[in-house]
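Quick notes on the structure that follows.
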Amino acid sequence: MSASIKPRLPKGFRDFLPETMLKRDYVINTIREVFHLYGFEPLQTPVLELRETLFGKYGEDAEQLIFEAQHGRSDKDPLAMRYDLTVPLARVVAQYENDIKLPFKRYQIAPVWRGERPQRGRYREFFQCDADIVGVANMSADAELISLTVAILRKLGFPAFTVKINNRKLLTGMGQYSGVPDEQLPDLYRSVDKFDKIGADGVKKELIERGISDDSVSRMVALLQTHGTGLESLDNIEDVMDRFPAAMEGIRELREMAQHMDNLGVSSEFYEFDFTTVRGLGYYTGPIFETILKGETIGSISGGGRYNDLIGMFRRESLPTTGVSLGIERIIDLMDDMKLYPAHISGTVVQVLVTIFGEETQSASTKLAAELRQAGINTELYMDDGKMKLGKQFTHADKKRIPLVATLGADEIAQGIVKIKRLSDGTEISATRAEAAAKIRELLG
RNA sequence: GUGGUUGUAGCUCAAUGGCAGAGUGACGGAUUGUGGUUCCGUUGGUUGCGGGUUCAAAUCCCGUCAGCCACCCCA
């Protein structure tokens with residue numbers, strides 16, 4: 001052996017050891033079940049796309065964060081690692097036009113790569129979890145995504161959260177109302193988006209620094225703070241905005257959404273219309289939404305919106321599309337902080353450890369393990385090259401948090417029984433080989 | 001990309017220019033058919049890496065790498 005290399009990972013990349021993977025799988029499986037419940041179906045696309053597929057879609061700043069990929073002996077097809085799941089979706093929809101039935105409801109849970117500087121809850125490799133509806137122009141699709149988001153977060157056990165809903169058209173109208181020139185709208189949005197973080201005064205200050213007139217800023221900020229519960233806030237803002245067709249269209253869409261959400265049974269405690277919600281991505285064209293946890297400052301745990309023009313980048317005619325993305329990395333961290341994982345998720349998938357007394361009883365233990373597996377019990381058969389010390393085997397079970405230990409020595413074998421001990425409280429019972437699996441289920445509760 | 005901060009045993013941390021330590025873990029024993037609790041013992045280190053200052057550096061200085069935090073941006 002030559003001198004070993006120090007084991008390390010590329011910046012912003014992570015390993016997930018089994019204990020962590022069990023939690024991640026729980027979250028992902030729970031989300032997948034709800035996707036199925038709403039009739040979304042899985043899609044998988046490659047990790048690598050052609051460079052030309054990704055470039056020119058995200059804007060100049062974001063483009064610098066795309067990982068490019070090389071193959072040693074060929075530069076014929078420049079490649080890049082996928083940056084999100086939305087552009088690949090757009091490519092798929094355009095590429096398989098004849099095979100895809102509209103409306104197309106797909107979900108995808110997969111890693112994406114961004115060359116950003118890592119921070120808490122922010123990595124260079126992270127999982128995105130997207131559900132999109134392609135081919136539906138009306139607001140029933142957007143409302144269904146809100147219902148889906150609420151159902152997932154409730155199923156995961158989050159006690160208090162709010163989906164904040166706004167509309168890009170309304171933001172456009174607000175820009176017009178306050179007299180901000182079109183080319184400054186992105187700046188305006190960026191500042192408005194920080195409303196929660198820096199407050200009304202902070203936003204005012206930033207807008208003035210960006211060269212927007214005092215008068216415009218005051219009008220804008222007053223408008224943003226329009227409050228009211230549910231539809232009331234829409235009524236309030238409509239009175240002010242009735243001269244701006246874009247804004248009125250946006251308000252109409254939000255009303256339509258509210259109607260659909262009501263029919264879907266989404267309780268109004270889980271959403272609100274918030275005119276300071278912006279979303280960073282430039283391609284949104286209609287309703288936008290993001291979810292925040294009440295009393296947490298970690299940022300949003302889901303986000304999404306309508307992007308009716310994106311698919312047109314790969315296709316002669318675009319298709320109306322709306323989608324939601326769940327921030328599962330943040331969700332997974334928060335589940336830990338808030339202790340939302342069910343008890344059975346922690347530690348191991350193993351339900352029982354079958355111990356081995358010694359060489360002469362090894363075959364009996366092995367057969368027992370086979371029987372238990374046949375009966376559907378997750379079974380670990382102890383393995384060790386050294387002396388089969390029973391204490392060591394119990395220690396192993398304890399460390400791995402395996403709930404039950406089965407022992408059979410010469411005495412038990414002679415009587416045709418097996419002893420099963422529950423480590424949590426020390427309960428130990430005897431069972432015949434035939435009834436062992438049933439007794440194990442009982443002890444597991 | 002900009003600014004700040006931290007880096008010492010497997011892990012959590014102490015040692016503020018003068019012998020590198022504790023807790024916890026790991027391993028062994030008390031207990032050769034029973035873990036977790038208790039007691040005894042053993043094991044623990046290129047102080048991230050490279051250079052400099054000094055009689056003397058974990059400690060001060062420079063560089064570098066990595067983590068974290070804030071900004072930018074975003075999930």
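So you can find residues: chains in the structure tokens are A, B, ... in the order shown, residues in each start at 1, and ligands are numbered from 1 in order.
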
Tell me as number ranges by chain which residues belonging to chain B come within 8 Å of chain A, counting only C-alpha atoms (C1' of nucleotides). B: 33-36, 68, 74-75

Grab the residues selected above and save them as an mmCIF file, in the first residue's frame with N, CA and C atoms (P, O5', C5', C4', C3', O3' and C1' of nucleotides).
```
data_model
loop_
_atom_site.group_PDB
_atom_site.id
_atom_site.type_symbol
_atom_site.label_atom_id
_atom_site.label_comp_id
_atom_site.auth_asym_id
_atom_site.auth_seq_id
_atom_site.Cartn_x
_atom_site.Cartn_y
_atom_site.Cartn_z
ATOM 1 P P G B 33 -20.713 -18.883 28.460
ATOM 2 O "O5'" G B 33 -22.071 -18.076 28.658
ATOM 3 C "C5'" G B 33 -22.237 -16.782 28.098
ATOM 4 C "C4'" G B 33 -23.680 -16.374 28.278
ATOM 5 C "C3'" G B 33 -24.100 -16.381 29.741
ATOM 6 O "O3'" G B 33 -24.869 -15.230 30.006
ATOM 7 C "C1'" G B 33 -25.559 -17.724 28.457
ATOM 8 P P U B 34 -24.068 -13.920 30.447
ATOM 9 O "O5'" U B 34 -24.884 -12.831 29.673
ATOM 10 C "C5'" U B 34 -24.373 -12.239 28.452
ATOM 11 C "C4'" U B 34 -25.250 -11.052 28.150
ATOM 12 C "C3'" U B 34 -25.825 -10.428 29.422
ATOM 13 O "O3'" U B 34 -25.918 -9.036 29.260
ATOM 14 C "C1'" U B 34 -27.577 -11.266 28.067
ATOM 15 P P G B 35 -24.672 -8.133 29.850
ATOM 16 O "O5'" G B 35 -24.757 -6.879 28.888
ATOM 17 C "C5'" G B 35 -24.088 -6.898 27.625
ATOM 18 C "C4'" G B 35 -24.689 -5.871 26.728
ATOM 19 C "C3'" G B 35 -24.924 -4.508 27.390
ATOM 20 O "O3'" G B 35 -23.753 -3.724 27.338
ATOM 21 C "C1'" G B 35 -26.872 -5.167 26.234
ATOM 22 P P G B 36 -23.395 -2.710 28.544
ATOM 23 O "O5'" G B 36 -24.602 -1.672 28.484
ATOM 24 C "C5'" G B 36 -24.637 -0.662 27.484
ATOM 25 C "C4'" G B 36 -25.950 0.084 27.573
ATOM 26 C "C3'" G B 36 -26.192 0.796 28.895
ATOM 27 O "O3'" G B 36 -25.607 2.085 28.898
ATOM 28 C "C1'" G B 36 -28.096 -0.476 28.297
ATOM 29 P P C B 68 -20.168 24.334 6.433
ATOM 30 O "O5'" C B 68 -20.322 25.475 7.541
ATOM 31 C "C5'" C B 68 -20.826 25.179 8.831
ATOM 32 C "C4'" C B 68 -20.659 26.371 9.743
ATOM 33 C "C3'" C B 68 -21.398 27.631 9.317
ATOM 34 O "O3'" C B 68 -22.765 27.604 9.687
ATOM 35 C "C1'" C B 68 -19.187 28.195 9.919
ATOM 36 P P C B 74 -31.951 35.138 -7.294
ATOM 37 O "O5'" C B 74 -31.848 33.784 -6.462
ATOM 38 C "C5'" C B 74 -32.040 32.535 -7.101
ATOM 39 C "C4'" C B 74 -31.528 31.418 -6.230
ATOM 40 C "C3'" C B 74 -32.598 30.633 -5.483
ATOM 41 O "O3'" C B 74 -33.157 29.623 -6.296
ATOM 42 C "C1'" C B 74 -30.818 31.179 -4.008
ATOM 43 P P A B 75 -34.688 29.167 -6.009
ATOM 44 O "O5'" A B 75 -34.570 27.961 -4.992
ATOM 45 C "C5'" A B 75 -35.631 27.028 -4.913
ATOM 46 C "C4'" A B 75 -35.494 26.204 -3.659
ATOM 47 C "C3'" A B 75 -35.518 27.036 -2.387
ATOM 48 O "O3'" A B 75 -36.173 26.324 -1.371
ATOM 49 C "C1'" A B 75 -33.506 25.813 -2.496
#
```

Excluding same-chain residues fewer than 5 positions from A:Ala431, what lies within 9 Å of it counting only C-alpha atoms (C1' of nucleotides), as a ChimeraX atom specification? /A:416-420,436,439

Selected residues written out with all heavy atoms, as an mmCIF file, in the first residue's frame:
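Below is the file that was written, part.cif:
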```cif
data_model
loop_
_atom_site.group_PDB
_atom_site.id
_atom_site.type_symbol
_atom_site.label_atom_id
_atom_site.label_comp_id
_atom_site.auth_asym_id
_atom_site.auth_seq_id
_atom_site.Cartn_x
_atom_site.Cartn_y
_atom_site.Cartn_z
ATOM 1 N N GLY A 416 -36.510 -26.903 21.158
ATOM 2 C CA GLY A 416 -37.189 -26.391 19.964
ATOM 3 C C GLY A 416 -37.742 -24.986 20.157
ATOM 4 O O GLY A 416 -38.737 -24.605 19.552
ATOM 5 N N ILE A 417 -37.106 -24.203 21.031
ATOM 6 C CA ILE A 417 -37.593 -22.833 21.266
ATOM 7 C C ILE A 417 -36.498 -21.814 20.974
ATOM 8 O O ILE A 417 -35.356 -22.180 20.671
ATOM 9 C CB ILE A 417 -38.079 -22.650 22.728
ATOM 10 C CG1 ILE A 417 -36.917 -22.885 23.703
ATOM 11 C CG2 ILE A 417 -39.244 -23.570 23.031
ATOM 12 C CD1 ILE A 417 -37.167 -22.353 25.095
ATOM 13 N N VAL A 418 -36.908 -20.555 21.077
ATOM 14 C CA VAL A 418 -35.957 -19.455 20.910
ATOM 15 C C VAL A 418 -36.325 -18.395 21.936
ATOM 16 O O VAL A 418 -37.496 -18.220 22.265
ATOM 17 C CB VAL A 418 -35.993 -18.903 19.463
ATOM 18 C CG1 VAL A 418 -37.402 -18.534 19.043
ATOM 19 C CG2 VAL A 418 -35.065 -17.713 19.308
ATOM 20 N N LYS A 419 -35.302 -17.734 22.496
ATOM 21 C CA LYS A 419 -35.579 -16.654 23.455
ATOM 22 C C LYS A 419 -35.495 -15.325 22.728
ATOM 23 O O LYS A 419 -34.586 -15.116 21.916
ATOM 24 C CB LYS A 419 -34.571 -16.694 24.604
ATOM 25 C CG LYS A 419 -34.918 -17.738 25.636
ATOM 26 C CD LYS A 419 -34.064 -17.573 26.869
ATOM 27 C CE LYS A 419 -34.484 -18.589 27.924
ATOM 28 N NZ LYS A 419 -33.325 -19.053 28.726
ATOM 29 N N ILE A 420 -36.443 -14.456 23.030
ATOM 30 C CA ILE A 420 -36.468 -13.153 22.377
ATOM 31 C C ILE A 420 -36.518 -12.073 23.450
ATOM 32 O O ILE A 420 -37.400 -12.084 24.310
ATOM 33 C CB ILE A 420 -37.691 -13.016 21.456
ATOM 34 C CG1 ILE A 420 -37.658 -14.116 20.382
ATOM 35 C CG2 ILE A 420 -37.699 -11.652 20.777
ATOM 36 C CD1 ILE A 420 -39.012 -14.437 19.813
ATOM 37 N N ALA A 436 -42.253 -17.859 16.465
ATOM 38 C CA ALA A 436 -41.265 -16.815 16.737
ATOM 39 C C ALA A 436 -41.607 -15.501 16.015
ATOM 40 O O ALA A 436 -41.594 -14.426 16.627
ATOM 41 C CB ALA A 436 -39.869 -17.291 16.333
ATOM 42 N N LYS A 439 -44.493 -13.689 17.642
ATOM 43 C CA LYS A 439 -44.112 -13.108 18.939
ATOM 44 C C LYS A 439 -43.252 -11.861 18.738
ATOM 45 O O LYS A 439 -43.354 -10.887 19.494
ATOM 46 C CB LYS A 439 -43.324 -14.145 19.762
ATOM 47 C CG LYS A 439 -44.168 -15.322 20.213
ATOM 48 C CD LYS A 439 -44.995 -14.964 21.444
ATOM 49 C CE LYS A 439 -45.694 -16.213 21.990
ATOM 50 N NZ LYS A 439 -46.696 -15.875 23.018
#
```

Show me, as a PDB file with all heavy atoms, in the first residue's frame, the residues that have an atom within 10 Å of A:Val266 when counting only C-alpha atoms (C1' of nucleotides), minus same-chain residues fewer than 6 positions from it.
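Listing of out06.pdb after writing:
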```
ATOM      1  N   ALA A 143     -54.015  26.205  -7.917  1.00  0.00           N
ATOM      2  CA  ALA A 143     -54.678  25.901  -6.644  1.00  0.00           C
ATOM      3  C   ALA A 143     -54.358  24.488  -6.193  1.00  0.00           C
ATOM      4  O   ALA A 143     -54.140  24.238  -5.001  1.00  0.00           O
ATOM      5  CB  ALA A 143     -56.196  26.072  -6.798  1.00  0.00           C
ATOM      6  N   GLU A 144     -54.301  23.568  -7.156  1.00  0.00           N
ATOM      7  CA  GLU A 144     -53.995  22.185  -6.778  1.00  0.00           C
ATOM      8  C   GLU A 144     -52.591  22.082  -6.187  1.00  0.00           C
ATOM      9  O   GLU A 144     -52.348  21.306  -5.253  1.00  0.00           O
ATOM     10  CB  GLU A 144     -54.135  21.247  -7.977  1.00  0.00           C
ATOM     11  CG  GLU A 144     -53.895  19.796  -7.587  1.00  0.00           C
ATOM     12  CD  GLU A 144     -54.388  18.796  -8.631  1.00  0.00           C
ATOM     13  OE1 GLU A 144     -55.592  18.504  -8.629  1.00  0.00           O
ATOM     14  OE2 GLU A 144     -53.565  18.324  -9.434  1.00  0.00           O
ATOM     15  N   ILE A 146     -51.061  24.328  -4.432  1.00  0.00           N
ATOM     16  CA  ILE A 146     -51.111  24.823  -3.051  1.00  0.00           C
ATOM     17  C   ILE A 146     -51.684  23.730  -2.142  1.00  0.00           C
ATOM     18  O   ILE A 146     -51.151  23.441  -1.064  1.00  0.00           O
ATOM     19  CB  ILE A 146     -51.994  26.089  -2.936  1.00  0.00           C
ATOM     20  CG1 ILE A 146     -51.544  27.172  -3.917  1.00  0.00           C
ATOM     21  CG2 ILE A 146     -51.998  26.603  -1.496  1.00  0.00           C
ATOM     22  CD1 ILE A 146     -50.183  27.720  -3.694  1.00  0.00           C
ATOM     23  N   SER A 147     -52.763  23.107  -2.615  1.00  0.00           N
ATOM     24  CA  SER A 147     -53.385  22.028  -1.847  1.00  0.00           C
ATOM     25  C   SER A 147     -52.377  20.901  -1.603  1.00  0.00           C
ATOM     26  O   SER A 147     -52.272  20.356  -0.501  1.00  0.00           O
ATOM     27  CB  SER A 147     -54.596  21.505  -2.623  1.00  0.00           C
ATOM     28  OG  SER A 147     -55.160  20.394  -1.967  1.00  0.00           O
ATOM     29  N   LEU A 148     -51.621  20.569  -2.657  1.00  0.00           N
ATOM     30  CA  LEU A 148     -50.595  19.529  -2.568  1.00  0.00           C
ATOM     31  C   LEU A 148     -49.535  19.888  -1.527  1.00  0.00           C
ATOM     32  O   LEU A 148     -49.166  19.073  -0.674  1.00  0.00           O
ATOM     33  CB  LEU A 148     -49.937  19.374  -3.946  1.00  0.00           C
ATOM     34  CG  LEU A 148     -48.736  18.457  -4.081  1.00  0.00           C
ATOM     35  CD1 LEU A 148     -49.196  17.005  -4.085  1.00  0.00           C
ATOM     36  CD2 LEU A 148     -47.968  18.751  -5.372  1.00  0.00           C
ATOM     37  N   VAL A 150     -49.748  21.943   1.020  1.00  0.00           N
ATOM     38  CA  VAL A 150     -50.321  21.914   2.367  1.00  0.00           C
ATOM     39  C   VAL A 150     -50.453  20.467   2.852  1.00  0.00           C
ATOM     40  O   VAL A 150     -50.104  20.139   3.987  1.00  0.00           O
ATOM     41  CB  VAL A 150     -51.691  22.631   2.390  1.00  0.00           C
ATOM     42  CG1 VAL A 150     -52.413  22.397   3.709  1.00  0.00           C
ATOM     43  CG2 VAL A 150     -51.504  24.131   2.151  1.00  0.00           C
ATOM     44  N   ALA A 151     -50.924  19.581   1.953  1.00  0.00           N
ATOM     45  CA  ALA A 151     -51.105  18.176   2.340  1.00  0.00           C
ATOM     46  C   ALA A 151     -49.771  17.548   2.741  1.00  0.00           C
ATOM     47  O   ALA A 151     -49.691  16.802   3.723  1.00  0.00           O
ATOM     48  CB  ALA A 151     -51.731  17.401   1.184  1.00  0.00           C
ATOM     49  N   ALA A 258     -58.380  31.252  -5.236  1.00  0.00           N
ATOM     50  CA  ALA A 258     -58.998  31.144  -3.913  1.00  0.00           C
ATOM     51  C   ALA A 258     -60.258  30.285  -3.989  1.00  0.00           C
ATOM     52  O   ALA A 258     -60.523  29.455  -3.115  1.00  0.00           O
ATOM     53  CB  ALA A 258     -59.313  32.528  -3.368  1.00  0.00           C
ATOM     54  N   HIS A 260     -60.933  27.897  -6.196  1.00  0.00           N
ATOM     55  CA  HIS A 260     -60.533  26.491  -6.362  1.00  0.00           C
ATOM     56  C   HIS A 260     -59.995  25.909  -5.057  1.00  0.00           C
ATOM     57  O   HIS A 260     -60.282  24.762  -4.714  1.00  0.00           O
ATOM     58  CB  HIS A 260     -59.474  26.364  -7.466  1.00  0.00           C
ATOM     59  CG  HIS A 260     -60.022  26.498  -8.846  1.00  0.00           C
ATOM     60  ND1 HIS A 260     -60.872  25.580  -9.413  1.00  0.00           N
ATOM     61  CD2 HIS A 260     -59.826  27.455  -9.796  1.00  0.00           C
ATOM     62  CE1 HIS A 260     -61.182  25.963 -10.648  1.00  0.00           C
ATOM     63  NE2 HIS A 260     -60.558  27.105 -10.906  1.00  0.00           N
TER      64      HIS A 260
END
```

Rank nothing, just name the residue among A:Leu156, A:Met261, A:Leu50, A:Val352 nearest to A:Asp77, using only C-alpha atoms.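 Of all the options, A:Leu50 lies closest to A:Asp77.
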
Please provide the set of residues having any atom within 10 Å of A:Met257, restricted to only C-alpha atoms (C1' of nucleotides), with same-chain residues fewer than 4 positions apart removed, written as a VMD selection string. chain A and resid 138 to 144 146 165 251 to 253 261 to 263 287

Near-B:C27 list (12 Å; only C-alpha atoms (C1' of nucleotides); drop same-chain fewer than 2 positions) as a list in words: Lys392 of chain A; G25, G29, G41, U42, U43 and G44 of chain B

How about saving the chosen residues, C-alpha atoms (C1' of nucleotides) kept, as a compact mmCIF listing (two decimals), in the first residue's frame?
```
# COMPACT_ATOMS: atom_id res chain seq x y z
CA LYS A 392 -20.56 -8.48 22.49
C1' G B 25 -16.22 7.34 23.07
C1' G B 29 -11.78 -6.86 32.89
C1' G B 41 -7.87 -0.72 33.90
C1' U B 42 -5.95 0.29 28.78
C1' U B 43 -5.90 3.35 24.52
C1' G B 44 -5.74 7.84 23.08
```

Shortest interatomic distance to A:Leu340 - which of A:Gly282, A:Gly199, A:Gly265, A:Pro159, counting only C-alpha atoms: A:Pro159
